[in-house]
file query.txt (compact mmCIF, C-alpha atoms)
# COMPACT_ATOMS: atom_id res chain seq x y z
CA MET A 21 75.81 46.20 239.20
CA LYS A 22 79.02 48.02 238.25
CA ILE A 23 78.10 51.10 236.26
CA ALA A 24 80.53 53.62 234.75
CA ILE A 25 79.65 57.18 233.86
CA LEU A 26 82.10 58.44 231.26
CA GLY A 27 82.49 62.20 231.27
CA GLY A 28 80.86 61.91 234.67
CA THR A 29 82.34 65.13 236.04
CA GLY A 30 80.21 67.30 233.75
CA GLU A 31 76.68 68.59 234.13
CA GLN A 32 74.53 65.44 234.10
CA GLY A 33 77.11 62.98 235.49
CA PRO A 34 77.29 63.74 239.23
CA GLY A 35 73.51 63.63 239.68
CA LEU A 36 73.25 60.32 237.84
CA ALA A 37 76.13 58.92 239.92
CA LEU A 38 74.45 60.04 243.13
CA ARG A 39 71.06 58.58 242.22
CA LEU A 40 72.68 55.30 241.11
CA ALA A 41 74.72 55.05 244.32
CA LEU A 42 71.62 55.73 246.40
CA ALA A 43 69.89 52.92 244.47
CA GLY A 44 72.67 50.60 245.69
CA GLU A 45 74.67 50.38 242.47
CA ASP A 46 78.45 50.28 242.29
CA VAL A 47 79.36 53.50 240.47
CA ILE A 48 82.59 54.56 238.74
CA ILE A 49 82.90 58.12 237.54
CA GLY A 50 85.10 58.38 234.47
CA SER A 51 86.91 61.41 233.14
CA ARG A 52 89.78 62.02 230.73
CA ALA A 53 91.96 62.66 233.79
CA LYS A 54 91.56 60.27 236.74
CA GLU A 55 92.28 63.08 239.24
CA LYS A 56 89.26 65.05 238.06
CA ALA A 57 87.05 61.97 238.42
CA ASP A 58 88.47 61.25 241.88
CA LYS A 59 87.68 64.79 243.00
CA VAL A 60 84.01 64.54 241.99
CA ALA A 61 83.77 61.03 243.48
CA ASP A 62 85.19 62.35 246.77
CA GLU A 63 82.65 65.18 246.87
CA LEU A 64 79.77 62.79 246.24
CA ASN A 65 81.07 60.25 248.76
CA ALA A 66 81.29 62.98 251.40
CA GLU A 67 77.60 63.70 250.79
CA LEU A 68 76.74 60.01 250.82
CA GLY A 69 78.65 59.49 254.07
CA GLY A 70 80.79 56.66 252.77
CA LYS A 71 82.97 55.57 249.87
CA ARG A 72 80.41 54.35 247.38
CA ILE A 73 81.59 56.02 244.18
CA GLN A 74 85.04 55.51 242.62
CA GLY A 75 86.96 57.66 240.15
CA ALA A 76 88.89 56.41 237.11
CA ASP A 77 89.96 57.55 233.67
CA ASN A 78 87.34 56.93 231.00
CA VAL A 79 89.06 53.87 229.54
CA GLN A 80 89.58 52.20 232.91
CA ALA A 81 86.01 53.07 233.94
CA ALA A 82 84.61 51.55 230.73
CA ALA A 83 86.80 48.46 231.10
CA SER A 84 85.74 47.65 234.63
CA ALA A 85 81.99 48.31 234.38
CA GLU A 86 79.20 46.03 233.21
CA ILE A 87 77.04 48.93 232.05
CA VAL A 88 78.60 52.09 230.67
CA MET A 89 76.85 55.44 230.57
CA MET A 90 78.24 58.52 228.80
CA THR A 91 77.44 62.15 229.56
CA VAL A 92 80.13 64.06 227.65
CA PRO A 93 79.15 67.22 225.74
CA TYR A 94 78.25 66.31 222.18
CA SER A 95 81.47 67.84 220.83
CA ALA A 96 83.36 64.99 222.55
CA HIS A 97 80.89 62.25 221.52
CA ILE A 98 82.83 60.45 218.82
CA SER A 99 86.29 61.10 220.27
CA THR A 100 85.26 59.56 223.61
CA LEU A 101 83.61 56.61 221.88
CA GLU A 102 86.82 56.05 219.91
CA ALA A 103 88.81 55.85 223.14
CA VAL A 104 86.54 53.18 224.67
CA LYS A 105 85.22 51.28 221.66
CA THR A 106 87.04 48.06 222.59
CA GLN A 107 85.97 48.27 226.24
CA LEU A 108 82.30 48.65 225.24
CA GLN A 109 82.02 45.47 223.17
CA GLY A 110 79.36 43.11 224.52
CA LYS A 111 78.07 45.70 226.99
CA ILE A 112 75.05 47.92 227.40
CA PHE A 113 76.00 51.49 226.57
CA ILE A 114 73.65 54.23 227.77
CA ASP A 115 74.09 57.31 225.64
CA VAL A 116 72.93 60.51 227.34
CA SER A 117 74.30 62.78 224.60
CA VAL A 118 72.33 65.60 223.05
CA PRO A 119 73.59 67.11 219.80
CA LEU A 120 72.65 70.70 220.59
CA ASP A 121 73.64 73.39 218.11
CA PRO A 122 76.82 74.87 219.68
CA GLU A 123 75.66 78.30 218.51
CA ASN A 124 72.15 77.96 219.95
CA PRO A 125 71.26 75.28 222.53
CA ARG A 126 67.58 75.88 221.80
CA ARG A 127 68.16 74.08 218.52
CA MET A 128 69.46 70.67 217.57
CA LYS A 129 72.23 69.99 215.12
CA MET A 130 71.67 66.32 214.43
CA PRO A 131 74.52 64.18 213.08
CA ALA A 132 74.19 62.51 209.67
CA ALA A 133 73.14 59.26 211.38
CA GLY A 134 69.94 61.02 212.57
CA SER A 135 70.75 61.26 216.29
CA ALA A 136 73.67 60.77 218.68
CA THR A 137 72.24 57.38 219.66
CA GLU A 138 72.12 56.09 216.10
CA GLU A 139 75.60 57.50 215.50
CA ALA A 140 76.91 55.64 218.57
CA GLN A 141 75.25 52.38 217.50
CA GLN A 142 76.75 52.67 214.01
CA PHE A 143 80.17 53.53 215.37
CA LEU A 144 80.31 50.87 218.08
CA GLY A 145 78.81 48.06 215.99
CA ALA A 146 76.12 45.51 216.78
CA ASP A 147 77.99 43.91 219.71
CA THR A 148 77.41 46.97 221.87
CA LYS A 149 73.80 47.50 222.88
CA VAL A 150 73.22 51.24 222.69
CA VAL A 151 70.31 52.60 224.71
CA ALA A 152 69.32 56.29 224.91
CA ALA A 153 68.06 57.64 228.25
CA PHE A 154 68.18 60.55 230.72
CA GLN A 155 68.41 63.35 228.10
CA ASN A 156 65.34 65.17 229.36
CA VAL A 157 65.82 65.25 233.12
CA ALA A 158 67.37 68.40 234.58
CA ALA A 159 70.91 68.03 235.97
CA HIS A 160 70.32 70.07 239.15
CA ILE A 161 67.24 68.00 240.02
CA LEU A 162 69.17 64.74 239.68
CA ARG A 163 71.96 66.25 241.76
CA ASP A 164 69.70 67.01 244.74
CA PRO A 165 68.59 63.71 246.27
CA LYS A 166 65.78 65.46 248.16
CA HIS A 167 64.32 66.87 244.94
CA HIS A 168 61.37 64.88 243.62
CA ILE A 169 61.88 64.14 239.92
CA ASP A 170 58.78 65.17 238.01
CA CYS A 171 60.07 63.83 234.70
CA ASP A 172 59.66 60.52 232.89
CA ILE A 173 62.60 58.89 231.15
CA LEU A 174 62.10 57.99 227.50
CA VAL A 175 64.23 54.98 226.65
CA CYS A 176 65.02 53.81 223.14
CA GLY A 177 67.42 51.49 221.36
CA ASN A 178 67.48 48.44 219.14
CA ASP A 179 67.94 45.77 221.83
CA VAL A 180 64.79 44.95 223.78
CA GLU A 181 66.56 43.17 226.65
CA ALA A 182 69.02 46.02 227.12
CA LYS A 183 66.13 48.48 227.31
CA LYS A 184 64.51 46.32 230.01
CA VAL A 185 67.71 46.43 232.07
CA VAL A 186 67.91 50.22 231.73
CA ILE A 187 64.22 50.67 232.59
CA GLY A 188 64.82 48.54 235.69
CA LEU A 189 67.72 50.79 236.72
CA ILE A 190 65.60 53.90 236.18
CA SER A 191 62.94 52.43 238.43
CA LYS A 192 65.52 51.76 241.17
CA MET A 193 66.59 55.40 240.83
CA GLY A 194 63.02 56.52 241.62
CA MET A 195 61.94 57.42 238.10
CA LYS A 196 59.69 55.83 235.52
CA GLY A 197 61.24 54.70 232.23
CA TYR A 198 59.25 54.01 229.06
CA ASN A 199 60.34 52.01 226.03
CA VAL A 200 59.69 54.44 223.19
CA GLY A 201 61.08 52.38 220.37
CA THR A 202 64.18 51.66 218.35
CA ALA A 203 67.27 53.85 218.12
CA ASP A 204 65.69 56.21 215.58
CA SER A 205 63.22 57.39 218.26
CA ALA A 206 66.25 59.17 219.74
CA ARG A 207 65.70 61.91 217.13
CA VAL A 208 62.64 62.82 219.18
CA VAL A 209 64.05 62.02 222.63
CA GLU A 210 67.26 64.01 222.08
CA GLY A 211 65.31 66.74 220.27
CA LEU A 212 63.02 67.21 223.25
CA THR A 213 66.03 68.44 225.21
CA SER A 214 66.45 71.55 223.09
CA ILE A 215 62.71 72.21 223.49
CA LEU A 216 63.03 71.91 227.28
CA ILE A 217 66.07 74.24 227.24
CA ARG A 218 64.00 76.72 225.23
CA LEU A 219 61.14 76.49 227.72
CA ASN A 220 63.58 76.94 230.62
CA ILE A 221 64.98 80.12 229.03
CA GLN A 222 61.50 81.43 228.12
CA ASN A 223 60.19 80.87 231.63
CA LYS A 224 63.38 81.71 233.54
CA VAL A 225 63.42 78.31 235.25
CA LYS A 226 65.85 75.37 235.12
CA GLY A 227 63.79 72.26 235.61
CA ALA A 228 61.38 71.82 232.68
CA GLY A 229 60.64 68.15 232.06
CA ILE A 230 58.01 65.90 230.52
CA ARG A 231 55.51 63.35 231.74
CA LEU A 232 53.63 60.79 229.70
CA THR A 233 49.91 60.70 230.44
CA GLY A 234 47.00 58.35 229.73
CA LEU A 235 49.05 55.21 230.42
CA PRO A 236 48.47 52.55 233.10
CA GLU A 237 50.51 53.04 236.30
CA MET B 1171 36.89 83.80 214.58
CA LYS B 1172 36.11 81.84 211.41
CA ILE B 1173 38.17 78.67 211.48
CA ALA B 1174 38.23 75.98 208.79
CA ILE B 1175 39.31 72.39 209.36
CA LEU B 1176 40.35 70.89 206.04
CA GLY B 1177 40.02 67.12 205.95
CA GLY B 1178 37.83 67.68 208.98
CA THR B 1179 35.81 64.50 208.54
CA GLY B 1180 38.75 62.25 209.46
CA GLU B 1181 40.06 61.15 212.82
CA GLN B 1182 41.25 64.35 214.46
CA GLY B 1183 38.88 66.81 212.72
CA PRO B 1184 35.50 66.27 214.40
CA GLY B 1185 36.92 66.56 217.92
CA LEU B 1186 38.78 69.75 217.06
CA ALA B 1187 35.64 71.17 215.44
CA LEU B 1188 33.59 70.32 218.51
CA ARG B 1189 36.06 71.85 220.96
CA LEU B 1190 36.38 74.98 218.81
CA ALA B 1191 32.60 75.35 218.52
CA LEU B 1192 32.23 74.93 222.28
CA ALA B 1193 34.86 77.66 222.69
CA GLY B 1194 32.55 79.95 220.71
CA GLU B 1195 34.41 79.90 217.40
CA ASP B 1196 32.77 79.86 214.00
CA VAL B 1197 33.78 76.48 212.52
CA ILE B 1198 33.71 75.20 208.96
CA ILE B 1199 34.49 71.57 208.33
CA GLY B 1200 36.10 71.04 204.94
CA SER B 1201 36.29 67.87 202.91
CA ARG B 1202 36.99 67.01 199.29
CA ALA B 1203 33.23 66.46 198.90
CA LYS B 1204 30.94 69.05 200.50
CA GLU B 1205 28.30 66.37 201.25
CA LYS B 1206 30.69 64.45 203.45
CA ALA B 1207 31.58 67.62 205.35
CA ASP B 1208 27.88 68.50 205.72
CA LYS B 1209 27.15 65.08 207.16
CA VAL B 1210 29.80 65.39 209.89
CA ALA B 1211 28.78 69.00 210.59
CA ASP B 1212 25.14 67.86 211.00
CA GLU B 1213 26.15 65.13 213.45
CA LEU B 1214 28.19 67.56 215.53
CA ASN B 1215 25.46 70.22 215.43
CA ALA B 1216 22.93 67.66 216.67
CA GLU B 1217 25.22 67.04 219.65
CA LEU B 1218 25.75 70.74 220.18
CA GLY B 1219 21.99 71.39 220.05
CA GLY B 1220 22.21 74.07 217.36
CA LYS B 1221 23.73 74.87 214.00
CA ARG B 1222 27.20 76.01 214.98
CA ILE B 1223 29.37 74.13 212.50
CA GLN B 1224 29.11 74.41 208.73
CA GLY B 1225 30.25 72.05 206.00
CA ALA B 1226 32.04 73.03 202.78
CA ASP B 1227 34.48 71.64 200.27
CA ASN B 1228 38.11 72.19 201.24
CA VAL B 1229 38.67 75.09 198.83
CA GLN B 1230 35.53 76.93 199.90
CA ALA B 1231 36.32 76.27 203.57
CA ALA B 1232 39.86 77.62 203.18
CA ALA B 1233 38.59 80.65 201.24
CA SER B 1234 36.03 81.72 203.80
CA ALA B 1235 38.03 81.18 207.01
CA GLU B 1236 40.50 83.49 208.73
CA ILE B 1237 42.44 80.61 210.24
CA VAL B 1238 42.80 77.31 208.43
CA MET B 1239 43.61 74.03 210.12
CA MET B 1240 44.37 70.81 208.26
CA THR B 1241 43.93 67.26 209.54
CA VAL B 1242 44.26 65.14 206.40
CA PRO B 1243 46.28 61.91 206.53
CA TYR B 1244 49.87 62.63 205.56
CA SER B 1245 49.44 60.89 202.19
CA ALA B 1246 47.13 63.78 201.19
CA HIS B 1247 49.33 66.53 202.69
CA ILE B 1248 50.82 68.09 199.58
CA SER B 1249 47.85 67.41 197.28
CA THR B 1250 45.49 69.18 199.68
CA LEU B 1251 47.92 72.07 200.12
CA GLU B 1252 48.10 72.39 196.33
CA ALA B 1253 44.34 72.71 196.13
CA VAL B 1254 44.17 75.56 198.67
CA LYS B 1255 47.51 77.32 198.27
CA THR B 1256 45.94 80.52 196.93
CA GLN B 1257 43.26 80.57 199.63
CA LEU B 1258 45.87 80.28 202.38
CA GLN B 1259 47.93 83.32 201.43
CA GLY B 1260 48.13 85.86 204.25
CA LYS B 1261 46.49 83.49 206.73
CA ILE B 1262 47.50 81.40 209.72
CA PHE B 1263 47.64 77.76 208.70
CA ILE B 1264 47.61 75.18 211.50
CA ASP B 1265 49.17 71.96 210.29
CA VAL B 1266 48.12 68.92 212.32
CA SER B 1267 49.79 66.45 209.94
CA VAL B 1268 51.98 63.60 211.09
CA PRO B 1269 54.18 61.84 208.52
CA LEU B 1270 53.81 58.34 209.96
CA ASP B 1271 55.41 55.48 208.07
CA PRO B 1272 52.45 53.98 206.14
CA GLU B 1273 53.90 50.52 206.79
CA ASN B 1274 54.34 51.10 210.54
CA PRO B 1275 52.61 53.96 212.40
CA ARG B 1276 55.00 53.44 215.31
CA ARG B 1277 57.66 55.02 213.11
CA MET B 1278 57.99 58.31 211.30
CA LYS B 1279 58.81 58.73 207.63
CA MET B 1280 59.82 62.36 207.60
CA PRO B 1281 59.71 64.32 204.32
CA ALA B 1282 62.92 65.78 202.87
CA ALA B 1283 62.05 69.16 204.41
CA GLY B 1284 62.47 67.61 207.89
CA SER B 1285 58.82 67.57 208.98
CA ALA B 1286 55.33 68.10 207.54
CA THR B 1287 55.28 71.58 209.05
CA GLU B 1288 58.52 72.65 207.37
CA GLU B 1289 57.30 71.09 204.13
CA ALA B 1290 54.06 73.08 204.33
CA GLN B 1291 55.92 76.32 205.08
CA GLN B 1292 58.24 75.77 202.12
CA PHE B 1293 55.37 74.87 199.81
CA LEU B 1294 53.04 77.69 200.84
CA GLY B 1295 55.69 80.42 200.97
CA ALA B 1296 56.38 83.10 203.54
CA ASP B 1297 52.98 84.82 203.21
CA THR B 1298 51.25 81.91 204.94
CA LYS B 1299 52.08 81.58 208.61
CA VAL B 1300 52.39 77.87 209.25
CA VAL B 1301 51.98 76.74 212.86
CA ALA B 1302 52.14 73.12 214.05
CA ALA B 1303 49.78 72.02 216.83
CA PHE B 1304 47.44 69.28 218.10
CA GLN B 1305 49.51 66.32 216.80
CA ASN B 1306 49.83 64.67 220.22
CA VAL B 1307 46.31 64.82 221.60
CA ALA B 1308 44.17 61.71 221.14
CA ALA B 1309 41.26 62.03 218.71
CA HIS B 1310 38.68 60.23 220.85
CA ILE B 1311 39.48 62.47 223.84
CA LEU B 1312 38.97 65.62 221.78
CA ARG B 1313 35.74 64.14 220.43
CA ASP B 1314 34.20 63.66 223.88
CA PRO B 1315 33.51 67.10 225.38
CA LYS B 1316 33.15 65.57 228.85
CA HIS B 1317 36.62 64.01 228.67
CA HIS B 1318 39.28 66.03 230.50
CA ILE B 1319 42.29 66.52 228.25
CA ASP B 1320 45.43 65.47 230.12
CA CYS B 1321 47.75 66.55 227.31
CA ASP B 1322 49.65 69.75 226.60
CA ILE B 1323 49.81 71.16 223.10
CA LEU B 1324 53.29 71.85 221.73
CA VAL B 1325 53.12 74.73 219.26
CA CYS B 1326 55.86 75.65 216.81
CA GLY B 1327 56.34 77.75 213.72
CA ASN B 1328 58.38 80.66 212.40
CA ASP B 1329 55.88 83.47 213.12
CA VAL B 1330 55.73 84.52 216.77
CA GLU B 1331 52.43 86.42 216.48
CA ALA B 1332 50.73 83.51 214.71
CA LYS B 1333 51.87 81.17 217.50
CA LYS B 1334 50.37 83.55 220.07
CA VAL B 1335 47.02 83.46 218.27
CA VAL B 1336 47.07 79.65 218.17
CA ILE B 1337 48.08 79.39 221.84
CA GLY B 1338 45.16 81.69 222.66
CA LEU B 1339 42.78 79.41 220.75
CA ILE B 1340 44.15 76.35 222.55
CA SER B 1341 43.51 78.05 225.86
CA LYS B 1342 39.90 78.80 224.87
CA MET B 1343 39.55 75.10 224.01
CA GLY B 1344 40.54 74.17 227.58
CA MET B 1345 44.10 73.10 226.90
CA LYS B 1346 47.51 74.60 227.52
CA GLY B 1347 49.68 75.47 224.54
CA TYR B 1348 53.44 76.02 224.71
CA ASN B 1349 55.65 77.79 222.19
CA VAL B 1350 58.35 75.21 221.54
CA GLY B 1351 60.24 77.03 218.83
CA THR B 1352 60.53 77.52 215.11
CA ALA B 1353 59.16 75.20 212.43
CA ASP B 1354 62.06 72.75 212.76
CA SER B 1355 60.86 71.83 216.26
CA ALA B 1356 58.04 70.04 214.44
CA ARG B 1357 60.49 67.17 213.85
CA VAL B 1358 60.14 66.50 217.56
CA VAL B 1359 56.47 67.45 217.91
CA GLU B 1360 55.33 65.32 214.97
CA GLY B 1361 57.76 62.56 215.98
CA LEU B 1362 56.23 62.36 219.44
CA THR B 1363 53.02 61.14 217.82
CA SER B 1364 54.56 57.88 216.63
CA ILE B 1365 55.99 57.40 220.13
CA LEU B 1366 52.53 57.92 221.65
CA ILE B 1367 51.02 55.48 219.12
CA ARG B 1368 53.68 52.95 220.11
CA LEU B 1369 52.89 53.44 223.80
CA ASN B 1370 49.16 53.08 223.08
CA ILE B 1371 49.76 49.77 221.29
CA GLN B 1372 52.18 48.52 223.98
CA ASN B 1373 49.75 49.36 226.78
CA LYS B 1374 46.53 48.53 224.95
CA VAL B 1375 45.13 52.03 225.53
CA LYS B 1376 44.18 54.85 223.16
CA GLY B 1377 44.85 58.06 225.00
CA ALA B 1378 48.60 58.42 225.67
CA GLY B 1379 49.64 62.05 225.79
CA ILE B 1380 52.32 64.30 227.23
CA ARG B 1381 52.57 67.02 229.83
CA LEU B 1382 55.34 69.51 230.36
CA THR B 1383 56.49 69.79 233.97
CA GLY B 1384 58.59 72.20 236.02
CA LEU B 1385 57.12 75.29 234.36
CA PRO B 1386 55.15 78.13 235.97
CA GLU B 1387 51.35 77.77 235.77
call {"tool": "encode", "arguments": {"input": "query.txt", "output": "structure tokens"}}
result
Amino acid sequence: MKIAILGGTGEQGPGLALRLALAGEDVIIGSRAKEKADKVADELNAELGGKRIQGADNVQAAASAEIVMMTVPYSAHISTLEAVKTQLQGKIFIDVSVPLDPENPRRMKMPAAGSATEEAQQFLGADTKVVAAFQNVAAHILRDPKHHIDCDILVCGNDVEAKKVVIGLISKMGMKGYNVGTADSARVVEGLTSILIRLNIQNKVKGAGIRLTGLPE
Amino acid sequence: MKIAILGGTGEQGPGLALRLALAGEDVIIGSRAKEKADKVADELNAELGGKRIQGADNVQAAASAEIVMMTVPYSAHISTLEAVKTQLQGKIFIDVSVPLDPENPRRMKMPAAGSATEEAQQFLGADTKVVAAFQNVAAHILRDPKHHIDCDILVCGNDVEAKKVVIGLISKMGMKGYNVGTADSARVVEGLTSILIRLNIQNKVKGAGIRLTGLPE
């Protein structure tokens, strides 16, 4: 499957691109400037030992992919969505955004819609299937393919079939995804990120995550 | 320590009372009617093989305890707080409430304050130290002293010392408590409960819980 990662040169993007490429997916890293995306793609391809990840500008990346993921900092959430709104129609859009308080990342500053995911769904309209995922897994763990990921992926959104596709992708990437409800569950899923950041700071570590327990394998 | 559990005859109360009594604490189960509280206390004492848990009405329970916990259904949240507001002044108040949507427990219906915990803190005033805890651990697991608890306890509130006391109690009860921030983190902590209920329904189980990972022991 052709999967774009908009804002893919940032913190969470390269690790997601790497894990997706290793799972056999066709990955396009998007950035505002194509050159920046190409540079990160080249670095990852060198590690992968072959040209498996492409670079593109965000609009081109969104246009050519079947599934579009976005990992821009929350400050660029709406402006990036504006740039690719047309290209996202009819597609699954995986929003990885976390509306952290710019003055204190241990707190959330939720948008009026309730969460970034709900905001994206409202902004993009019903023809784009917005799914939230990957907010709680640490960037440096994703980025190191030898690092075991001790973190479950909570997946939410209003379209059941789209969530199934995303949970399937997560499984191919070596993680376990759980359907945790409609888009409004993103208030909890996104909110967990600031709690994990707080625990990282408190404990002087970088890789706090969560696991669901008491469920069948 | 003398610990009261208001609304302690409901779902979460008896298990918490049992675990606290087994940890050596002095427990008072509160209910609107003392007889109902006495009945549950008698049942638990029979299991414990000795009179270690007392019954009382909510007001008496709150008055005589040093730490007060509350496990009433959310519909009785404010009315119960009103009844014991005076008795809670100067004390640690552990709010276990979860504002589930009465029409669908897989969703939250958060109060205007943001969460039950924030609502309680606003209502009780700064002299009561409100701490949120125990919302995510399954009632039937707490209730069975032989059942290992595979669930961490996320603890939040505005008073650091009060959180330390509660985390100490949790540890004595055989669980691990984590300070996850100020009272507004309860939006996530309480919200996780509806996600766990959803996962229980989806998977036809009763004991979904969460664990934090990537943190030092």
call {"tool": "residues_around", "arguments": {"input": "query.txt", "residues": "Lys59 in chain A", "least_positions_apart": "2", "cutoff": "12 Å", "atoms": "all atoms listed in the file", "output": "VMD selection string"}}
result
chain A and resid 28 to 29 34 49 to 51 53 to 57 61 to 66 73 to 76
call {"tool": "write_last_selection", "arguments": {"input": "query.txt", "atoms": "C-alpha atoms", "output": "mmCIF file, in the coordinates of the input"}}
result
data_model
loop_
_atom_site.group_PDB
_atom_site.id
_atom_site.type_symbol
_atom_site.label_atom_id
_atom_site.label_comp_id
_atom_site.auth_asym_id
_atom_site.auth_seq_id
_atom_site.Cartn_x
_atom_site.Cartn_y
_atom_site.Cartn_z
ATOM 1 C CA GLY A 28 80.860 61.910 234.670
ATOM 2 C CA THR A 29 82.340 65.130 236.040
ATOM 3 C CA PRO A 34 77.290 63.740 239.230
ATOM 4 C CA ILE A 49 82.900 58.120 237.540
ATOM 5 C CA GLY A 50 85.100 58.380 234.470
ATOM 6 C CA SER A 51 86.910 61.410 233.140
ATOM 7 C CA ALA A 53 91.960 62.660 233.790
ATOM 8 C CA LYS A 54 91.560 60.270 236.740
ATOM 9 C CA GLU A 55 92.280 63.080 239.240
ATOM 10 C CA LYS A 56 89.260 65.050 238.060
ATOM 11 C CA ALA A 57 87.050 61.970 238.420
ATOM 12 C CA ALA A 61 83.770 61.030 243.480
ATOM 13 C CA ASP A 62 85.190 62.350 246.770
ATOM 14 C CA GLU A 63 82.650 65.180 246.870
ATOM 15 C CA LEU A 64 79.770 62.790 246.240
ATOM 16 C CA ASN A 65 81.070 60.250 248.760
ATOM 17 C CA ALA A 66 81.290 62.980 251.400
ATOM 18 C CA ILE A 73 81.590 56.020 244.180
ATOM 19 C CA GLN A 74 85.040 55.510 242.620
ATOM 20 C CA GLY A 75 86.960 57.660 240.150
ATOM 21 C CA ALA A 76 88.890 56.410 237.110
#
call {"tool": "atom_distance", "arguments": {"input": "query.txt", "atom1": "CA of Ala159 in chain A", "atom2": "CA of Gly227 in chain A"}}
result
8.3 Å
call {"tool": "closest_atom_pairs", "arguments": {"input": "query.txt", "of": "chain A", "to": "chain B", "cutoff": "6 Å", "atoms": "only C-alpha atoms", "output": "Markdown table"}}
result
| residue | atom | partner | partner_atom | distance |
| --- | --- | --- | --- | --- |
| A:Val200 | CA | B:Ile1365 | CA | 5.6 |
| A:Val208 | CA | B:Val1358 | CA | 4.7 |
| A:Gly211 | CA | B:Val1358 | CA | 5.8 |
| A:Ile215 | CA | B:Val1350 | CA | 5.6 |
| A:Gly227 | CA | B:Gly1384 | CA | 5.2 |
| A:Ala228 | CA | B:Gly1384 | CA | 4.4 |
| A:Gly229 | CA | B:Thr1383 | CA | 4.9 |
| A:Ile230 | CA | B:Leu1382 | CA | 4.5 |
| A:Arg231 | CA | B:Arg1381 | CA | 5.1 |
| A:Leu232 | CA | B:Ile1380 | CA | 4.5 |
| A:Thr233 | CA | B:Gly1379 | CA | 4.8 |
| A:Gly234 | CA | B:Ala1378 | CA | 4.4 |
| A:Leu235 | CA | B:Ala1378 | CA | 5.8 |
call {"tool": "atom_distance", "arguments": {"input": "query.txt", "atom1": "CA of Met89 in chain A", "atom2": "CA of Ile25 in chain A"}}
result
4.7 Å
call {"tool": "residues_around", "arguments": {"input": "query.txt", "residues": "range 192-195 of chain A", "least_positions_apart": "6", "cutoff": "10 Å", "atoms": "all atoms listed in the file", "output": "PyMOL selection string"}}
result
chain A and resi 36+38-45+162+168-173+186
call {"tool": "atom_distance", "arguments": {"input": "query.txt", "atom1": "CA of Ala1282 in chain B", "atom2": "CA of Ala1231 in chain B"}}
result
28.6 Å
call {"tool": "closest_residue", "arguments": {"input": "query.txt", "among": "A:Gly35, A:Asp115, A:Pro93, A:Gly27", "to": "Asp77 in chain A", "atoms": "all atoms listed in the file"}}
result
A:Gly27
call {"tool": "residues_near_point", "arguments": {"input": "query.txt", "point": "(49.2, 62.3, 203.3)", "cutoff": "10 Å", "atoms": "all atoms listed in the file", "output": "ChimeraX atom specification"}}
result
/B:1241-1250,1267-1270,1272,1286
call {"tool": "residues_around", "arguments": {"input": "query.txt", "residues": "Phe1293 in chain B", "least_positions_apart": "5", "cutoff": "12 Å", "atoms": "only C-alpha atoms", "output": "MDAnalysis selection string"}}
result
chainID B and resid 1247:1256 1258:1259 1283 1286:1288 1298:1300
